[in-house]
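Below is the file data-v5.cif, which contains mmCIF, C-alpha atoms and all ligand atoms.
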```cif
data_work
loop_
_atom_site.label_atom_id
_atom_site.label_comp_id
_atom_site.auth_asym_id
_atom_site.auth_seq_id
_atom_site.Cartn_x
_atom_site.Cartn_y
_atom_site.Cartn_z
CA MET U 95 -99.00 8.26 68.62
CA GLN U 96 -99.28 4.57 69.24
CA SER U 97 -102.35 2.68 68.27
CA ASP U 98 -104.41 0.65 70.68
CA HIS U 99 -103.73 -2.99 70.88
CA GLU U 100 -107.14 -4.38 71.70
CA GLY U 101 -107.15 -7.91 73.06
CA THR U 102 -103.38 -8.16 73.12
CA THR U 103 -100.79 -7.13 75.65
CA PRO U 104 -99.19 -3.95 74.33
CA PRO U 105 -95.40 -3.94 74.38
CA PRO U 106 -94.17 -1.94 77.37
CA LYS U 107 -93.45 1.65 76.45
CA PRO U 108 -90.05 2.71 77.66
CA ARG U 109 -89.39 5.92 79.51
CA ARG U 110 -88.34 8.48 77.01
CA TRP U 111 -87.42 12.10 76.46
CA ALA U 112 -89.56 14.33 74.30
CA THR U 113 -89.22 17.95 73.35
CA GLN U 114 -92.33 19.93 74.27
CA LEU U 115 -93.25 23.55 74.44
CA ILE U 116 -93.86 24.63 78.04
CA ASP U 117 -95.01 28.23 78.47
CA GLY U 118 -93.75 28.91 74.99
CA GLN U 119 -90.27 27.62 75.78
CA PRO U 120 -88.97 24.38 74.34
CA ARG U 121 -87.93 21.91 77.05
CA ASP U 122 -86.74 18.34 77.07
CA VAL U 123 -89.29 16.43 79.10
CA LYS U 124 -88.76 12.98 80.52
CA LEU U 125 -91.91 10.89 80.26
CA ASP U 126 -92.73 7.77 82.20
CA ALA U 127 -94.22 4.63 80.66
CA GLU U 128 -97.68 6.22 80.65
CA GLY U 129 -96.43 9.37 78.99
CA THR U 130 -96.63 11.47 82.16
CA PRO U 131 -93.84 14.02 82.51
CA ILE U 132 -91.53 13.15 85.39
CA ALA U 133 -88.63 15.52 84.71
CA VAL U 134 -87.96 18.66 82.73
CA ALA U 135 -84.57 19.66 81.41
CA ASP U 136 -83.19 22.42 79.28
CA TRP U 137 -83.27 21.84 75.60
CA ILE U 138 -80.38 19.89 74.18
CA PRO U 139 -79.04 21.51 71.07
CA PRO U 140 -78.58 19.31 68.00
CA LEU U 141 -74.81 19.29 68.13
CA GLU U 142 -74.22 16.05 66.30
CA LEU U 143 -72.85 16.21 62.81
CA LEU U 144 -75.87 16.71 60.62
CA ARG U 145 -76.92 13.54 58.87
CA PRO U 146 -80.09 13.02 56.86
CA ASP U 147 -80.79 9.69 58.56
CA ARG U 148 -80.62 11.26 62.00
CA CYS U 149 -83.12 13.19 64.10
CA ALA U 150 -83.29 16.90 63.25
CA ASN U 151 -84.06 17.74 66.85
CA CYS U 152 -81.23 16.09 68.75
CA GLY U 153 -79.13 14.21 66.21
CA GLY U 154 -80.24 10.85 67.66
CA ARG U 155 -80.75 7.71 65.66
CA ARG U 156 -84.16 7.19 64.14
CA VAL U 157 -85.38 3.64 64.57
CA SER U 158 -88.43 1.98 63.16
CA GLN U 159 -90.48 0.47 65.90
CA ASP U 160 -92.56 -2.65 65.64
CA LEU U 161 -96.04 -1.49 66.51
CA ASP U 162 -97.53 -4.91 66.75
CA VAL U 163 -95.21 -7.75 67.53
CA THR U 164 -98.05 -10.28 67.67
CA VAL U 165 -98.50 -10.36 63.90
CA GLU U 166 -96.99 -13.45 62.45
CA GLY U 167 -93.93 -12.88 60.34
CA GLY U 168 -92.93 -9.71 62.14
CA GLY U 169 -94.46 -6.54 63.41
CA VAL U 170 -95.95 -3.69 61.41
CA ARG U 171 -93.20 -1.17 61.05
CA ASP U 172 -93.96 2.41 61.98
CA PRO U 173 -93.58 4.24 58.64
CA SER U 174 -92.30 7.27 60.51
CA PRO U 175 -89.50 6.08 62.75
CA ALA U 176 -89.01 7.69 66.12
CA CYS U 177 -85.76 9.06 67.45
CA GLU U 178 -83.94 7.04 70.08
CA GLY U 179 -82.83 10.20 71.76
CA CYS U 180 -85.92 12.41 72.01
CA GLY U 181 -88.67 10.06 70.95
CA MET U 182 -90.07 12.28 68.22
CA ASN U 183 -90.66 11.20 64.68
CA ALA U 184 -89.99 13.54 61.77
CA ARG U 185 -93.58 14.75 61.55
CA GLU U 186 -93.77 15.62 65.25
CA ASP U 187 -90.42 17.30 65.02
CA TRP U 188 -91.50 19.37 62.02
CA HIS U 189 -94.73 20.42 63.76
CA MET U 190 -92.89 21.43 66.90
CA HIS U 191 -90.48 23.64 64.95
CA MET U 192 -93.37 25.12 62.97
CA GLU U 193 -95.13 25.93 66.24
CA ILE U 194 -92.07 27.74 67.53
CA THR U 195 -91.74 29.54 64.20
CA HIS U 196 -95.33 30.80 64.49
CA LYS U 197 -94.79 31.86 68.10
CA LEU U 198 -91.82 33.92 66.95
CA ARG U 199 -94.08 35.47 64.31
CA ALA U 200 -91.73 34.28 61.59
CA GLY U 201 -92.66 32.94 58.19
CA SER U 202 -89.88 30.39 57.86
CA PHE U 203 -87.31 28.46 59.88
CA VAL U 204 -84.57 30.73 58.55
CA GLU U 205 -86.39 33.86 59.66
CA ALA U 206 -87.27 32.30 63.03
CA ALA U 207 -83.63 31.32 63.57
CA ASP U 208 -82.57 34.90 62.87
CA LYS U 209 -85.13 36.23 65.34
CA ALA U 210 -84.11 33.76 68.04
CA ALA U 211 -80.44 34.66 67.58
CA SER U 212 -81.21 38.38 67.81
CA MET U 213 -83.03 37.71 71.09
CA GLY U 214 -79.92 35.99 72.43
CA GLN U 215 -81.49 32.52 72.26
CA GLN U 216 -78.61 30.83 70.51
CA VAL U 217 -79.63 27.23 71.24
CA LEU U 218 -83.14 27.85 69.99
CA SER U 219 -81.71 29.53 66.90
CA LEU U 220 -79.49 26.50 66.31
CA LYS U 221 -82.52 24.24 66.61
CA LEU U 222 -84.45 26.25 64.05
CA ALA U 223 -81.52 26.51 61.65
CA THR U 224 -81.09 22.75 61.93
CA ALA U 225 -84.77 22.27 61.10
CA GLY U 226 -84.24 24.55 58.10
CA VAL U 227 -81.40 22.36 56.84
CA HIS U 228 -83.22 19.16 57.64
CA TYR U 229 -86.43 20.08 55.87
CA GLY U 230 -84.65 21.63 52.92
CA GLU U 231 -85.67 25.24 53.42
CA ALA U 232 -83.26 27.63 51.63
CA PRO U 233 -80.54 24.99 52.07
CA ASP U 234 -77.53 27.26 51.69
CA THR U 235 -78.82 29.93 54.05
CA SER U 236 -79.99 27.39 56.63
CA ARG U 237 -76.72 25.60 56.50
CA ARG U 238 -74.63 28.72 56.96
CA GLN U 239 -76.94 29.71 59.80
CA ARG U 240 -76.42 26.35 61.46
CA LEU U 241 -72.64 26.65 61.17
CA ARG U 242 -72.77 30.11 62.72
CA GLN U 243 -75.00 28.93 65.56
CA LEU U 244 -72.90 25.85 66.23
CA ASP U 245 -70.00 28.21 66.73
CA ALA U 246 -72.17 30.53 68.86
CA VAL U 247 -73.05 27.74 71.31
CA GLY U 248 -69.44 26.59 71.51
CA ALA U 249 -69.61 23.54 69.26
CA ARG U 250 -66.78 24.73 67.08
CA VAL U 251 -65.40 21.29 66.25
CA THR U 252 -68.74 20.17 64.85
CA ALA U 253 -69.06 23.43 62.94
CA LEU U 254 -65.70 22.89 61.28
CA GLN U 255 -66.36 19.23 60.52
CA GLU U 256 -69.69 20.09 59.03
CA ALA U 257 -68.17 22.90 56.97
CA ALA U 258 -65.61 20.46 55.57
CA LEU U 259 -68.37 18.00 54.74
CA TRP U 260 -70.42 20.68 53.00
CA LEU U 261 -67.46 21.63 50.83
CA LYS U 262 -66.87 18.01 49.92
CA GLU U 263 -70.52 17.40 49.04
CA THR U 264 -70.68 20.41 46.73
CA LYS U 265 -67.20 19.84 45.25
CA ALA U 266 -66.17 23.22 46.70
CA ASP U 267 -68.83 25.19 44.91
CA PRO U 268 -67.60 28.82 44.88
CA GLU U 269 -70.61 30.15 46.79
CA VAL U 270 -70.33 27.42 49.41
CA ALA U 271 -66.57 27.97 49.64
CA ARG U 272 -67.22 31.63 50.34
CA ARG U 273 -69.65 30.87 53.16
CA VAL U 274 -67.49 28.16 54.67
CA ALA U 275 -64.41 30.39 54.46
CA ASP U 276 -66.29 33.07 56.41
CA VAL U 277 -67.01 30.54 59.15
CA PHE U 278 -63.35 29.51 59.24
CA VAL U 279 -62.22 33.13 59.46
CA ARG U 280 -64.63 33.80 62.32
CA CYS U 281 -63.17 30.80 64.13
CA GLY U 282 -59.68 32.24 63.64
CA LEU U 283 -58.74 29.57 61.09
CA GLU U 284 -57.50 31.78 58.29
CA ALA U 285 -55.27 29.15 56.73
CA GLU U 286 -58.20 26.70 56.49
CA ALA U 287 -60.33 29.42 54.92
CA LEU U 288 -57.75 29.95 52.21
CA VAL U 289 -57.44 26.21 51.58
CA ALA U 290 -61.21 26.06 51.01
CA LEU U 291 -61.05 28.96 48.55
CA GLU U 292 -58.00 27.52 46.77
CA ASP U 293 -59.76 24.14 46.47
CA SER U 294 -62.70 25.92 44.91
CA VAL U 295 -60.41 27.54 42.31
CA ARG U 296 -58.70 24.22 41.62
CA LEU U 297 -62.00 22.41 41.09
CA HIS U 298 -63.65 25.28 39.20
CA PRO U 299 -60.80 26.73 37.12
CA HIS U 300 -63.18 28.52 34.76
CA SER U 301 -65.31 30.13 37.45
CA PRO U 302 -64.68 33.87 37.84
CA GLN U 303 -66.56 33.74 41.13
CA ALA U 304 -64.10 31.19 42.53
CA TYR U 305 -61.16 33.49 41.72
CA ALA U 306 -63.05 36.54 43.01
CA GLU U 307 -63.74 34.80 46.33
CA LEU U 308 -60.10 33.75 46.58
CA SER U 309 -59.06 37.34 45.94
CA ARG U 310 -61.43 38.53 48.66
CA GLY U 311 -60.08 35.92 51.10
CA LEU U 312 -56.46 36.88 50.38
CA ARG U 313 -57.29 40.55 50.75
CA ARG U 314 -58.88 39.97 54.11
CA VAL U 315 -55.75 38.34 55.49
CA GLY U 316 -53.57 41.13 54.10
CA ARG U 317 -51.98 39.15 51.25
CA PHE U 318 -52.53 42.02 48.86
CA ASP U 319 -50.10 40.94 46.11
CA ASP U 320 -51.74 37.51 45.86
CA ALA U 321 -55.17 39.15 45.99
CA LEU U 322 -54.18 41.29 43.02
CA ARG U 323 -52.96 38.24 41.09
CA ALA U 324 -56.26 36.43 41.67
CA LEU U 325 -58.24 39.53 40.73
CA ARG U 326 -56.38 39.86 37.44
CA GLN U 327 -57.33 36.28 36.68
CA VAL U 328 -60.97 37.14 37.32
CA PHE U 329 -60.85 39.79 34.63
CA GLU U 330 -59.16 37.43 32.18
CA LEU U 331 -62.05 34.95 32.37
CA PRO U 332 -65.15 35.28 30.20
CA GLU U 333 -67.98 36.80 32.25
CA GLY U 334 -65.39 37.81 34.83
CA ARG U 335 -65.88 41.56 34.68
CA PRO U 336 -68.87 41.99 37.04
CA HIS U 337 -67.20 39.71 39.62
CA GLY U 338 -63.92 41.59 39.32
CA GLU U 339 -65.54 45.00 39.50
CA ARG U 340 -67.11 44.09 42.84
CA GLN U 341 -63.68 43.39 44.34
CA LEU U 342 -61.59 46.06 42.64
CA HIS U 343 -62.38 49.10 44.76
CA LYS U 344 -62.33 47.03 47.95
CA LEU U 345 -58.77 45.89 47.26
CA LEU U 346 -57.62 49.45 46.61
CA LEU U 347 -59.39 50.66 49.73
CA ALA U 348 -57.78 47.91 51.84
CA LEU U 349 -54.33 49.04 50.66
CA TRP U 350 -55.22 52.66 51.34
CA ASP U 351 -56.50 51.87 54.82
CA ASP U 352 -53.29 49.95 55.43
CA ASN U 353 -51.29 53.11 54.63
CA ARG U 354 -49.83 51.61 51.51
CA SER U 355 -50.67 54.41 49.14
CA GLN U 356 -47.74 53.59 46.82
CA ALA U 357 -48.92 49.97 46.55
CA MET U 358 -52.44 51.25 45.99
CA LEU U 359 -51.28 53.40 43.07
CA SER U 360 -49.41 50.54 41.43
CA THR U 361 -52.34 48.16 41.97
CA PHE U 362 -54.63 50.67 40.31
CA ASP U 363 -52.24 50.78 37.34
CA ALA U 364 -51.98 46.99 37.24
CA LEU U 365 -55.76 46.70 37.03
CA ALA U 366 -56.10 49.11 34.11
CA PRO U 367 -58.28 49.44 32.08
CA HIS U 368 -60.85 48.12 34.58
CA SER U 369 -59.76 50.46 37.35
CA HIS U 370 -60.19 53.41 34.99
CA ARG U 371 -63.87 52.54 34.64
CA ASP U 372 -64.54 52.61 38.40
CA ALA U 373 -65.46 56.04 39.77
CA ASP U 374 -64.58 55.11 43.37
CA ALA U 375 -61.22 53.71 42.29
CA CYS U 376 -60.41 56.85 40.26
CA ALA U 377 -61.39 59.09 43.19
CA LEU U 378 -59.16 57.11 45.55
CA TYR U 379 -56.30 57.26 43.06
CA ALA U 380 -56.71 61.04 42.90
CA GLN U 381 -56.65 61.22 46.68
CA ALA U 382 -53.32 59.36 46.85
CA LEU U 383 -51.83 61.57 44.14
CA GLU U 384 -53.01 64.67 45.96
CA GLN U 385 -51.35 63.44 49.13
CA GLN U 386 -48.08 63.09 47.20
CA GLY U 387 -48.40 66.67 46.01
CA GLN U 388 -49.28 65.74 42.41
CA THR U 389 -52.15 68.18 42.35
CA ALA U 390 -52.43 68.57 38.57
CA THR U 391 -52.58 64.81 37.97
CA ALA U 392 -54.99 64.41 40.87
CA ARG U 393 -57.27 66.94 39.19
CA ARG U 394 -57.33 64.87 36.00
CA TRP U 395 -58.42 61.75 37.93
CA VAL U 396 -61.14 63.60 39.80
CA GLN U 397 -62.39 64.77 36.41
CA ARG U 398 -62.25 61.19 35.22
CA ALA U 399 -64.28 60.06 38.27
CA LEU U 400 -66.79 62.83 37.53
CA SER U 401 -67.18 61.65 33.96
CA LEU U 402 -68.14 58.26 35.36
CA ARG U 403 -70.39 59.68 38.06
CA PRO U 404 -71.56 63.12 36.88
CA ASN U 405 -72.71 65.75 39.39
CA ASP U 406 -71.43 63.85 42.41
CA PRO U 407 -71.34 66.65 45.03
CA GLU U 408 -68.27 65.30 46.88
CA LEU U 409 -66.29 64.98 43.64
CA LEU U 410 -67.37 68.48 42.54
CA ARG U 411 -66.14 69.92 45.84
CA ARG U 412 -62.81 68.15 45.50
CA LEU U 413 -62.37 69.36 41.94
CA ALA U 414 -63.10 72.96 43.00
CA THR U 415 -60.56 72.70 45.85
CA LEU U 416 -57.86 71.28 43.56
CA GLU U 417 -58.44 73.97 40.95
CA GLU U 418 -58.20 76.63 43.60
CA GLN U 419 -54.86 75.17 44.77
CA LEU U 420 -53.61 75.09 41.19
CA GLY U 421 -54.82 78.65 40.60
CA VAL U 422 -56.62 77.66 37.41
CA ALA U 423 -60.01 78.88 36.35
CA SER U 424 -62.69 76.80 37.97
CA THR U 425 -64.49 74.35 35.70
CA VAL U 426 -67.08 73.69 38.39
CA ALA U 427 -70.16 75.71 37.61
CA ALA U 428 -71.67 75.65 41.07
CA VAL U 429 -69.94 74.20 44.10
CA PRO U 430 -72.52 72.44 46.21
CA PRO U 431 -72.67 73.35 49.90
CA PRO U 432 -70.71 71.14 52.32
CA ALA U 433 -72.31 67.85 53.14
CA ARG U 434 -74.98 68.09 55.77
CA HIS U 435 -75.64 65.27 58.14
CA GLU U 436 -79.17 64.21 57.46
CA PRO U 437 -81.13 63.70 60.62
CA GLU U 438 -81.83 60.03 61.26
ZN ZN U 501 -84.17 13.26 68.56
#
```
How does this structure look as C-alpha cells?
Amino acid sequence: MQSDHEGTTPPPKPRRWATQLIDGQPRDVKLDAEGTPIAVADWIPPLELLRPDRCANCGGRRVSQDLDVTVEGGGVRDPSPACEGCGMNAREDWHMHMEITHKLRAGSFVEAADKAASMGQQVLSLKLATAGVHYGEAPDTSRRQRLRQLDAVGARVTALQEAALWLKETKADPEVARRVADVFVRCGLEAEALVALEDSVRLHPHSPQAYAELSRGLRRVGRFDDALRALRQVFELPEGRPHGERQLHKLLLALWDDNRSQAMLSTFDALAPHSHRDADACALYAQALEQQGQTATARRWVQRALSLRPNDPELLRRLATLEEQLGVASTVAAVPPPARHEPE
C-alpha cells in the first residue's frame, strides 16, 4: 500500500507482478501502473535457494523503496521492503499464505502443505512449505517438507543444494542428517546420503543417535556388516540403548528378508545381550533355527520371547507347534484359535 503524495508528483509506479487469489487459486497477476490486472499467469514456485533476505513467495530480492523522494536528504524508506519479483512485502506474503491455509481448512502452514500435496497440488504445497520455513513454523518439519516438494516439482538441484546448506548450518545435527539423508536416498543419491550420516558421526562422536542413523542408512543400502558395526557402537555409548533397540530388530529383519538367515543368526549373537532382551528378535532367531531343523533350540528361543512378551497368541501357537513336533508334553495351557482377520 503506497501512501498518497498530496501536492507532489508521485513517482511512477512500475508494472509489476503480484500473487493474488483468484477463485481460491493462487495466480501470478501482472498489474499495470494503476494496479489494474493486465495478465494472469500460473503461480511460479519459489525454486530459488532459500535465503532469509529473499522473498518467501518467489525467491526474489526484497528492496526498500523510497516512498517520498521529495524529502530533503533522501526518501522515507518503506520499513517493509517489497520483492522485486512479485511485488509483495513480507506482511502481504504472510497474509496471502494464511488465507490459503484457512481456505484449505488447515491450522498451520505445515498442515496446509500436507493437504495441498495430498490433493496433487505440488506447487502450492511447495509454496506453503516455503512459507513455513520462512516464518519459522516447525522449522525442521517445514524444511523437510520444502525439500520433498522441491523434488516433487522437479527442482532436484535446488533440493540437494539446500539440503547441503541445511547440514552445514546445523553442523550435521543427527536429526537433520537423518532427514537430509532420506531426501538424498529418494533422489537416488545413496552415496551422498551416507556421506551426510558419516559427517554427522564425525562431528557428533558421542551421539548415539548419529551412530543409530548411520546404522539405519547402511542397512537400507544393504551394507549389513557396516550397519552392525555402527549399531554395536550405539550400544557402547552412554544413553545408547534406546536408540540401539529401535534399530536392532530392523537390522535382523532386513537380513532375514534378504535370505541371509545365517548372517541373521550371527548378527543376533553379535548383538547379545541386547538382542536377548528383544522379543521380536528372539522370535525371529527361533524362526531361523526352526528352518535349519534345530527344533529344540528354536523352542527355547520362543520360550524366551514369551518371557519377554507373555501371552502373545502368535508365540503361544508357535510354541505349541514346536512341542508337538518334538513330541514333548505341551507347556501351553490353552492354544489360542488361529488369527482372525479383523474386519476393517
Ligand atoms: Zn517475490
At most 7 Å is the cut-off: for each residue in chain U with any atom that close to an atom of ligand ZN 501 (chain U), write down the nearest atom pair and the distance in Å rounded to one decimal, counting only C-alpha atoms and all ligand atoms, chain first then increasing number, as CSV.
```
residue,atom,partner,partner_atom,distance
U:Cys149,CA,U:ZN501,ZN,4.6
U:Ala150,CA,U:ZN501,ZN,6.5
U:Asn151,CA,U:ZN501,ZN,4.8
U:Cys152,CA,U:ZN501,ZN,4.1
U:Gly153,CA,U:ZN501,ZN,5.6
U:Gly154,CA,U:ZN501,ZN,4.7
U:Cys177,CA,U:ZN501,ZN,4.6
U:Glu178,CA,U:ZN501,ZN,6.4
U:Gly179,CA,U:ZN501,ZN,4.6
U:Cys180,CA,U:ZN501,ZN,4.0
U:Gly181,CA,U:ZN501,ZN,6.0
U:Met182,CA,U:ZN501,ZN,6.0
```
At a cut-off of 12 Å, can you tabulate as a tab-separated table every residue of segment 284-345 of chain U near segment 251-262 of chain U together with its closest atom pair and the distance in Å to one decimal, using all atoms listed in the file and ordering rows by chain then number?
```
residue	atom	partner	partner_atom	distance
U:Glu286	CA	U:Leu254	CA	9.7
U:Ala287	CA	U:Ala257	CA	10.4
U:Val289	CA	U:Ala258	CA	10.8
U:Ala290	CA	U:Leu261	CA	7.7
U:Leu291	CA	U:Leu261	CA	10.0
U:Glu292	CA	U:Leu261	CA	11.9
U:Asp293	CA	U:Leu261	CA	9.2
U:Ser294	CA	U:Leu261	CA	8.7
U:Leu297	CA	U:Lys262	CA	11.0
```
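Considering only C-alpha atoms, the residue among U:Thr415, U:Ser236, U:Ser309, U:Thr195 positioned nearest to Leu345 of chain U is U:Ser309.
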Report as a tab-separated table the residues of segment 255-343 of chain U within 9 Å of segment 348-364 of chain U, each with its shortest atom pair and distance in Å (one decimal), using all atoms listed in the file, ordered by chain and increasing residue number.
```
residue	atom	partner	partner_atom	distance
U:Arg313	CA	U:Ala348	CA	7.5
U:Arg314	CA	U:Ala348	CA	8.3
U:Gly316	CA	U:Ala348	CA	8.3
U:Phe318	CA	U:Leu349	CA	7.5
U:Asp319	CA	U:Thr361	CA	8.6
U:Leu322	CA	U:Thr361	CA	7.2
U:Arg326	CA	U:Ala364	CA	8.4
U:Leu342	CA	U:Phe362	CA	8.7
U:His343	CA	U:Ala348	CA	8.5
```
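Compared by their closest atoms to Ile194 of chain U, and using only C-alpha atoms, the residues U:Ile132, U:Leu420, U:Ala271, U:Ile116 rank with U:Ile116 nearest.
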